[in-house]
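Q: Okay, here's the structure, questions in a sec.
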Amino acid sequence: MEGAHLKLEDLSGIPEAEVPFLHEIWNWEGDTSILPHKWEHMAQMARPDKKKDLTAKYLEERFISSHKFDPQGIFFLTHRSKCMGTAMLIVHSDGSYELGHLYVDSHSVECYKCLALMVIKYAESKGATSIRTLKPDHENYLSILHNLGFK
């Protein structure tokens, strides 16, 4: 795994996500043919340095085609049909949980926190007692994770 990780050791007491006004949360449902492209757009916008790697094909090969893929564990946050962010719960082969591929439009702190909490609460509902994530580069995002208890 690339980069430094942060870990949240105790998921109890984590608040429910507050979906921002006029936003909606979607999972891998409905017309799923467009979702890999929405994910690709968010990933490449958030990580232009990884543009050639973070593609719809990567998502499909690495996650969607896996027998472990959980359609309820990937989240898309939209505002009037425009995708504002995405995140997913990754369950590793050792049984550990990761808040992964969290990307938001325009460095929206509110959207970042909402998506992080959606994944954390979903992990808790699946039996997770701890979760890790890559340390974000953006200071405001790091502050959110520290306030949630990540170390």
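In the structure tokens, chains take the letters A, B, ... in the order shown, each chain's residues start at 1, and ligands count up from 1 in the order shown.
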Would you please extract all helix (DSSP H, G or I) residues from stretch 20-135 of chain A, as assigned by DSSP on the backbone, and give them as a count of residues only?

A: 50

Q: Which residues are near A:Glu98? Cut-off 10 Å, only C-alpha atoms, ignore same chain within fewer than 2 positions. Put them as an MDAnalysis selection string.

A: chainID A and resid 5:8 88:92 95:96 100:101 119:120 123 128 130:134

Q: Write out as a list in words all residues of stretch 98-138 of chain A that DSSP puts in strand (DSSP E or B) for this structure's backbone.

A: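 Of stretch 98-138 of chain A, the ones in strand (DSSP E or B) are Glu98, Leu99, Gly100, His101, Leu102, Tyr103, Val104, Ile131, Arg132, Thr133 and Leu134 of chain A.
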
Q: Residues of the last selection are to be written out with N, CA and C atoms, as a PDB file, in the first residue's frame.

A:
```pdb
ATOM      1  N   GLU A  98     -10.805  -0.542   5.196  1.00  0.00           N
ATOM      2  CA  GLU A  98     -10.169   0.714   4.790  1.00  0.00           C
ATOM      3  C   GLU A  98     -11.197   1.653   4.172  1.00  0.00           C
ATOM      4  N   LEU A  99     -11.137   2.896   4.601  1.00  0.00           N
ATOM      5  CA  LEU A  99     -11.869   3.996   3.970  1.00  0.00           C
ATOM      6  C   LEU A  99     -11.021   4.373   2.766  1.00  0.00           C
ATOM      7  N   GLY A 100     -11.473   4.008   1.576  1.00  0.00           N
ATOM      8  CA  GLY A 100     -10.625   4.153   0.400  1.00  0.00           C
ATOM      9  C   GLY A 100     -11.216   5.018  -0.688  1.00  0.00           C
ATOM     10  N   HIS A 101     -10.342   5.494  -1.524  1.00  0.00           N
ATOM     11  CA  HIS A 101     -10.702   6.257  -2.721  1.00  0.00           C
ATOM     12  C   HIS A 101     -11.749   7.331  -2.416  1.00  0.00           C
ATOM     13  N   LEU A 102     -11.432   8.160  -1.429  1.00  0.00           N
ATOM     14  CA  LEU A 102     -12.307   9.269  -1.046  1.00  0.00           C
ATOM     15  C   LEU A 102     -11.882  10.502  -1.829  1.00  0.00           C
ATOM     16  N   TYR A 103     -12.731  10.892  -2.756  1.00  0.00           N
ATOM     17  CA  TYR A 103     -12.453  12.036  -3.626  1.00  0.00           C
ATOM     18  C   TYR A 103     -13.639  12.981  -3.597  1.00  0.00           C
ATOM     19  N   VAL A 104     -13.361  14.282  -3.485  1.00  0.00           N
ATOM     20  CA  VAL A 104     -14.441  15.266  -3.514  1.00  0.00           C
ATOM     21  C   VAL A 104     -14.113  16.391  -4.478  1.00  0.00           C
ATOM     22  N   ILE A 131     -10.801   0.989  11.499  1.00  0.00           N
ATOM     23  CA  ILE A 131     -10.705   1.259  10.058  1.00  0.00           C
ATOM     24  C   ILE A 131      -9.485   2.130   9.827  1.00  0.00           C
ATOM     25  N   ARG A 132      -8.861   1.956   8.674  1.00  0.00           N
ATOM     26  CA  ARG A 132      -7.702   2.795   8.329  1.00  0.00           C
ATOM     27  C   ARG A 132      -7.996   3.542   7.042  1.00  0.00           C
ATOM     28  N   THR A 133      -7.190   4.546   6.785  1.00  0.00           N
ATOM     29  CA  THR A 133      -7.289   5.310   5.547  1.00  0.00           C
ATOM     30  C   THR A 133      -5.936   5.921   5.238  1.00  0.00           C
ATOM     31  N   LEU A 134      -5.726   6.258   3.981  1.00  0.00           N
ATOM     32  CA  LEU A 134      -4.503   6.974   3.616  1.00  0.00           C
ATOM     33  C   LEU A 134      -4.548   8.373   4.195  1.00  0.00           C
TER      34      LEU A 134
END
```

Q: If I take atom CA of A:Leu145 and atom CA of A:Glu18, how far is one from the other in Å, to one decimal?

A: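 Here the two named atoms are 15.4 Å from each other.
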